[in-house]
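Asks: Before anything else, here's the structure in question.
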Amino acid sequence: MAQTFSRDEVAKHNTEDSVWFIVDSKVYDVTEFVDAHPGGEAVLRQVAGKDATVDFYNLHRHEVLSKYEDLCIGSVEGEKPQVVTPKPGDLSTVPYAEPLWLTPQFKSPYYNESHRRLQNAVRIFTDTYTTPEAQAREIDGKHISQELVNRMAEKGMLHMRLGPGKHLHGVNLLDGAVKGEEFDYFHDLVMSQEGVRSNARGFQDGQLSGLTIGLPCIMNFMKDQKRRQTIMDEVFSGKKYICLAITEAFAGSDVAGLRTTATKTPDGKHYIVNGTKKWITNGAFCDYFVTGVKTDKGLSVLFIERGEGVETKTIKTSYSTAAGTAYITFDNVKVPVENLLGEENKGIYVILSNFNHERWAMACATIRQCRTIVEECLKWSHQRIVFGKRLIEQPVIRQKLAKMIALCESNQAWLESITYQMCHMPYKQQSQHLGGPIGLLKMSITRAAHECADEAVQIFGGRGLTQSGMGRVVEMFNRTYKFDAILGGAEEVLGDLGVRQAMRQMPNAKL
């Protein structure tokens with residue numbers, strides 16, 4: 001049974017040889033830890049024998065107590081801890097920290113019990129396995145471990161990254177949380193939003209995001225069905241990694257400006273590929289490259305395996321090298337003509353085929369990250385004492401929070417509305433009607449991220465600029481939110497796409 005102490009007894013341990021204090025009704029003996037304390041000895045001695053709860057939460061995240069739980073020797077008699085310690089899978093009870101459909105007092109017409117089962121299963125998996133590795137890899141820059149990839153593959157999580165489809169039928173998805181045959185775009189939304197809660201933006205992309213945008217090209221456009229299935233099985237099992245290699249230093253959103261060439265050999269059996277690709281996510285460690293190339297009369301897409309003539313080099317960007325962002329060189333790479341995806345000179349259709357889903361998935365992820373920032377700011381503003389009062393008691397802080405909450409809730413609602421349309425439109429209709437709205441949605445959400453990042457840093461002050469400690473989540477978001485404003489199509493390009501699509505539907509209406 002845990003030992004209990006009176007507050008008077010704790011108060012006696014404020015000497016040179018004995019340093020105890022109380023945090024949230026728990027008693028800590030830090031006598032042997034004083035010299036090792038990262039913040040210095042004096043800070044601990046100042047609170048010796050006292051209740052240090054307020055001081056602790058002004059300086060540290062709650063998770064620090066778990067890290068040093070061996071220093072806890074008991075509790076204050078007659079008292080119970082008041083601060084919530086979340087367990088794997090728990091929903092946050094902080095207002096607006098969860099989307100409304102996960103908040104008990106609210107209802108939604110979009111989600112059923114299978115969505116809730118999946119959400120709970122993914123959150124437990126993420127909290128238990130993904131987050132610890134994500135936080136470590138975000139710092140050291142190493143790529144995702146094969147152990148985690150194997151766990152994801154075993155649970156069908158790699159299959160679910162591609163959204164609804166026959167590739168999910170008969171697959172064990174998180175021990176039966178949802179059947180592959182009933183998996184819809186709201187299940188896909190759940191996967192996207194829960195998967196980013198580790199708050200490690202570089203690792204987030206390094207967690208095989210190349211599969212999400214590269215494998216659909218194989219699944220939908222490789223002509224050899226037997227080889228297509230082999231590649232899909234290799235990637236879904238985590239034995240092989242794949243990426244989409246389109247962007248170049250010469251061409252980003254301007255896909256037609258690609259300079260990598262593919263020239264047929266005289267016997268017509270191979271393409272010889274020469275050129276470079278830049279900012280290719282997962283390119284540093286992947287085995288397969290779905291590559292945009294210029295052929296004699298237009299743009300084509302080839303499936304290229306890592307081998308002779310293919311070299312990759314890691315690019316350092318604003319987020320962690322865990323993403324495996326790469327510069328790729330193709331030097332006289334010999335590629336069989338059977339590796340052509342789709343039709344020669346009509347590769348633009350292959351590239352465009354997955355844009356809607358990619359941009360929608362990025363929108364799902366970004367608005368969930370914004371929601372995490374709202375939660376961080378609500379917690380901090382309630383526990384931070386400045387000028388003798390909590391931050392939340394300052395009207396200017398409440399105004400900032402109101403703005404952030406409104407941006408999150410309105411964009412989540414728009415996201416769910418578009419997701420509903422995706423569930424009720426076949427692919428052809430999605431391509432026809434949703435390209436513009438999804439482009440505008442992604443633009444709106446990344447603009448919201450800009451506002452949330454800006455306000456959050458102001459709320460956290462210097463801590464919001466520090467990669468460790470209280471503000472580490474805000475600092476990471478502020479440093480990396482721009483990736484989502486650029487990747488998958490820049491804001492300006494997507495905004496223009498949305499308006500141009502509306503122009504095509506414009507009647508001859510007059511004021």
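By convention in this document, the chains of the structure tokens carry letters A, B, ... by their order, each chain's residues are numbered from 1, and ligands are numbered from 1 in the order they are shown.
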List the spatial neighbours of A:Gly275 as a PDB file with N, CA, C and O atoms, in the first residue's frame - criterion: any atom at most 10 Å away, only C-alpha atoms, same-chain residues fewer than 5 positions off excluded.

Replies:
```
ATOM      1  N   GLU A 248      10.579  18.596 -59.176  1.00  0.00           N
ATOM      2  CA  GLU A 248      11.976  18.865 -59.521  1.00  0.00           C
ATOM      3  C   GLU A 248      12.318  20.291 -59.089  1.00  0.00           C
ATOM      4  O   GLU A 248      11.434  21.091 -58.755  1.00  0.00           O
ATOM      5  N   LEU A 258       8.426  19.532 -66.141  1.00  0.00           N
ATOM      6  CA  LEU A 258       9.409  18.509 -65.790  1.00  0.00           C
ATOM      7  C   LEU A 258      10.507  18.398 -66.853  1.00  0.00           C
ATOM      8  O   LEU A 258      10.241  18.493 -68.050  1.00  0.00           O
ATOM      9  N   ARG A 259      11.743  18.136 -66.399  1.00  0.00           N
ATOM     10  CA  ARG A 259      12.868  17.997 -67.326  1.00  0.00           C
ATOM     11  C   ARG A 259      13.496  16.606 -67.313  1.00  0.00           C
ATOM     12  O   ARG A 259      14.354  16.315 -68.149  1.00  0.00           O
ATOM     13  N   THR A 260      13.101  15.766 -66.370  1.00  0.00           N
ATOM     14  CA  THR A 260      13.615  14.387 -66.377  1.00  0.00           C
ATOM     15  C   THR A 260      13.087  13.687 -67.619  1.00  0.00           C
ATOM     16  O   THR A 260      11.883  13.694 -67.890  1.00  0.00           O
ATOM     17  N   THR A 261      13.971  13.068 -68.367  1.00  0.00           N
ATOM     18  CA  THR A 261      13.600  12.477 -69.658  1.00  0.00           C
ATOM     19  C   THR A 261      13.626  10.954 -69.617  1.00  0.00           C
ATOM     20  O   THR A 261      14.373  10.347 -68.855  1.00  0.00           O
ATOM     21  N   ALA A 262      12.798  10.357 -70.457  1.00  0.00           N
ATOM     22  CA  ALA A 262      12.777   8.903 -70.655  1.00  0.00           C
ATOM     23  C   ALA A 262      12.777   8.653 -72.161  1.00  0.00           C
ATOM     24  O   ALA A 262      11.791   8.940 -72.846  1.00  0.00           O
ATOM     25  N   VAL A 293       8.151  11.623 -65.917  1.00  0.00           N
ATOM     26  CA  VAL A 293       9.213  11.829 -66.913  1.00  0.00           C
ATOM     27  C   VAL A 293       8.642  12.454 -68.181  1.00  0.00           C
ATOM     28  O   VAL A 293       7.442  12.370 -68.446  1.00  0.00           O
ATOM     29  N   LYS A 294       9.538  13.070 -68.971  1.00  0.00           N
ATOM     30  CA  LYS A 294       9.154  13.580 -70.287  1.00  0.00           C
ATOM     31  C   LYS A 294       9.479  12.522 -71.326  1.00  0.00           C
ATOM     32  O   LYS A 294      10.610  12.052 -71.428  1.00  0.00           O
ATOM     33  N   ILE A 328      16.999  13.163 -55.721  1.00  0.00           N
ATOM     34  CA  ILE A 328      17.200  11.909 -56.452  1.00  0.00           C
ATOM     35  C   ILE A 328      17.830  12.189 -57.811  1.00  0.00           C
ATOM     36  O   ILE A 328      17.405  13.106 -58.528  1.00  0.00           O
ATOM     37  N   THR A 329      18.826  11.394 -58.144  1.00  0.00           N
ATOM     38  CA  THR A 329      19.482  11.497 -59.449  1.00  0.00           C
ATOM     39  C   THR A 329      19.257  10.202 -60.224  1.00  0.00           C
ATOM     40  O   THR A 329      19.506   9.102 -59.706  1.00  0.00           O
ATOM     41  N   PHE A 330      18.768  10.336 -61.449  1.00  0.00           N
ATOM     42  CA  PHE A 330      18.636   9.203 -62.369  1.00  0.00           C
ATOM     43  C   PHE A 330      19.674   9.388 -63.473  1.00  0.00           C
ATOM     44  O   PHE A 330      19.607  10.346 -64.248  1.00  0.00           O
ATOM     45  N   ASP A 331      20.636   8.479 -63.520  1.00  0.00           N
ATOM     46  CA  ASP A 331      21.739   8.590 -64.483  1.00  0.00           C
ATOM     47  C   ASP A 331      21.754   7.371 -65.391  1.00  0.00           C
ATOM     48  O   ASP A 331      22.222   6.289 -65.019  1.00  0.00           O
ATOM     49  N   ASN A 332      21.184   7.534 -66.592  1.00  0.00           N
ATOM     50  CA  ASN A 332      21.096   6.441 -67.567  1.00  0.00           C
ATOM     51  C   ASN A 332      20.478   5.180 -66.960  1.00  0.00           C
ATOM     52  O   ASN A 332      21.005   4.069 -67.093  1.00  0.00           O
ATOM     53  N   VAL A 333      19.367   5.365 -66.282  1.00  0.00           N
ATOM     54  CA  VAL A 333      18.679   4.244 -65.642  1.00  0.00           C
ATOM     55  C   VAL A 333      17.852   3.497 -66.687  1.00  0.00           C
ATOM     56  O   VAL A 333      17.026   4.086 -67.386  1.00  0.00           O
TER      57      VAL A 333
END
```

Asks: Determine, counting only C-alpha atoms, which protein, DNA and RNA residues have an atom within 12 Å of an atom of A:Gly439; residues of the same chain fewer than 4 positions away are not included. Present the result as an MDAnalysis selection string.

Replies: chainID A and resid 355:363 415 418 431 433:435 443:446 485 488:502

Asks: List the spatial neighbours of A:Tyr288 as a ChimeraX atom specification - criterion: any atom at most 12 Å away, only C-alpha atoms, same-chain residues fewer than 3 positions off excluded.

Replies: /A:210-211,214-215,217-218,231-232,234-235,239-245,282-285,291,302-307,310,312,339

Asks: Please list as number ranges by chain every residue within 12 Å of A:Asp24, counting only C-alpha atoms and excluding residues in the same chain fewer than 5 positions away.

Replies: A: 50-57, 62, 65, 72, 74-76, 79-85

Asks: One number please: atom CA of A:Asp17 to atom CA of A:Ala36, in Å, one decimal.

Replies: 15.1 Å

Asks: Could you work out how far atom CA of A:Gln193 lies from atom CA of A:His159, giving the answer in Å with one decimal?

Replies: 16.1 Å

Asks: Mind pulling up the distance from atom CA of A:Lys277 to atom CA of A:Gly342?

Replies: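 So the two atoms, atom CA of A:Gly342 and atom CA of A:Lys277, lie 20.6 Å apart.
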
Asks: Pick out the residues sitting within 8 Å of A:Ile405, and hand them over as a PDB file with N, CA, C and O atoms, in the first residue's frame; count only C-alpha atoms, and ignore anything fewer than 6 positions along from it in its own chain.

Replies:
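File part_38.pdb, as written:
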```pdb
ATOM      1  N   TYR A  96     -13.059  21.534 -26.782  1.00  0.00           N
ATOM      2  CA  TYR A  96     -12.598  21.710 -28.158  1.00  0.00           C
ATOM      3  C   TYR A  96     -11.317  20.951 -28.484  1.00  0.00           C
ATOM      4  O   TYR A  96     -10.778  21.083 -29.587  1.00  0.00           O
ATOM      5  N   ARG A 371      -6.201  21.673 -33.898  1.00  0.00           N
ATOM      6  CA  ARG A 371      -6.994  21.376 -32.709  1.00  0.00           C
ATOM      7  C   ARG A 371      -6.076  21.045 -31.523  1.00  0.00           C
ATOM      8  O   ARG A 371      -6.341  21.448 -30.383  1.00  0.00           O
ATOM      9  N   VAL A 374      -4.899  24.233 -30.124  1.00  0.00           N
ATOM     10  CA  VAL A 374      -5.933  24.842 -29.281  1.00  0.00           C
ATOM     11  C   VAL A 374      -5.896  24.226 -27.884  1.00  0.00           C
ATOM     12  O   VAL A 374      -5.950  24.938 -26.867  1.00  0.00           O
TER      13      VAL A 374
END
```

Asks: With distances taken over only C-alpha atoms, which of A:Gly180, A:Gly469, A:Gly206, A:Pro109 is nearest to A:Glu63?

Replies: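 Distance minimum relative to A:Glu63 lands on A:Gly469.
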
Asks: Pull the closest atom pair for each residue of stretch 165-271 of chain A that gets at most 12 Å from stretch 129-136 of chain A, along with the distance in Å to one decimal, counting only C-alpha atoms, ordering rows by chain and then ascending residue number, as a Markdown table.

Replies:
```
| residue | atom | partner | partner_atom | distance |
| --- | --- | --- | --- | --- |
| A:Glu194 | CA | A:Thr130 | CA | 10.9 |
| A:Gly195 | CA | A:Thr130 | CA | 8.6 |
| A:Val196 | CA | A:Thr131 | CA | 9.3 |
| A:Arg197 | CA | A:Thr131 | CA | 7.9 |
| A:Ser198 | CA | A:Thr131 | CA | 4.7 |
| A:Asn199 | CA | A:Gln135 | CA | 7.8 |
| A:Ala200 | CA | A:Ala134 | CA | 6.0 |
| A:Arg201 | CA | A:Ala134 | CA | 8.9 |
| A:Gly202 | CA | A:Ala134 | CA | 8.8 |
| A:Phe203 | CA | A:Ala134 | CA | 5.8 |
| A:Gln204 | CA | A:Ala134 | CA | 7.7 |
| A:Asp205 | CA | A:Ala134 | CA | 10.6 |
| A:Gly206 | CA | A:Ala134 | CA | 9.4 |
| A:Gln207 | CA | A:Ala134 | CA | 8.8 |
```

Asks: Mind writing the picked residues with C-alpha atoms as a PDB file, in the first residue's frame?

Replies:
```pdb
ATOM      1  CA  GLU A 194      -5.699  10.132 -35.269  1.00  0.00           C
ATOM      2  CA  GLY A 195      -2.431   9.367 -37.020  1.00  0.00           C
ATOM      3  CA  VAL A 196      -1.028  12.881 -36.562  1.00  0.00           C
ATOM      4  CA  ARG A 197      -1.572  13.144 -32.804  1.00  0.00           C
ATOM      5  CA  SER A 198       2.045  12.177 -32.110  1.00  0.00           C
ATOM      6  CA  ASN A 199       2.941  15.817 -32.849  1.00  0.00           C
ATOM      7  CA  ALA A 200       6.114  15.038 -34.779  1.00  0.00           C
ATOM      8  CA  ARG A 201       5.655  16.597 -38.211  1.00  0.00           C
ATOM      9  CA  GLY A 202       8.771  15.174 -39.869  1.00  0.00           C
ATOM     10  CA  PHE A 203       8.134  11.662 -38.585  1.00  0.00           C
ATOM     11  CA  GLN A 204       4.504  12.049 -39.645  1.00  0.00           C
ATOM     12  CA  ASP A 205       5.616  12.193 -43.274  1.00  0.00           C
ATOM     13  CA  GLY A 206       8.336   9.641 -42.618  1.00  0.00           C
ATOM     14  CA  GLN A 207       5.650   7.209 -41.471  1.00  0.00           C
TER      15      GLN A 207
END
```

Asks: Running DSSP on the backbone, which parts of stretch 221-273 of chain A land in helix (DSSP H, G or I), as a list in words?

Replies: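 Result set for stretch 221-273 of chain A (helix (DSSP H, G or I)): Phe221, Gln225, Lys226, Arg227, Arg228, Gln229, Thr230, Ile231, Met232, Asp233, Glu234, Val235, Phe236, Val255, Ala256 and Gly257 of chain A.
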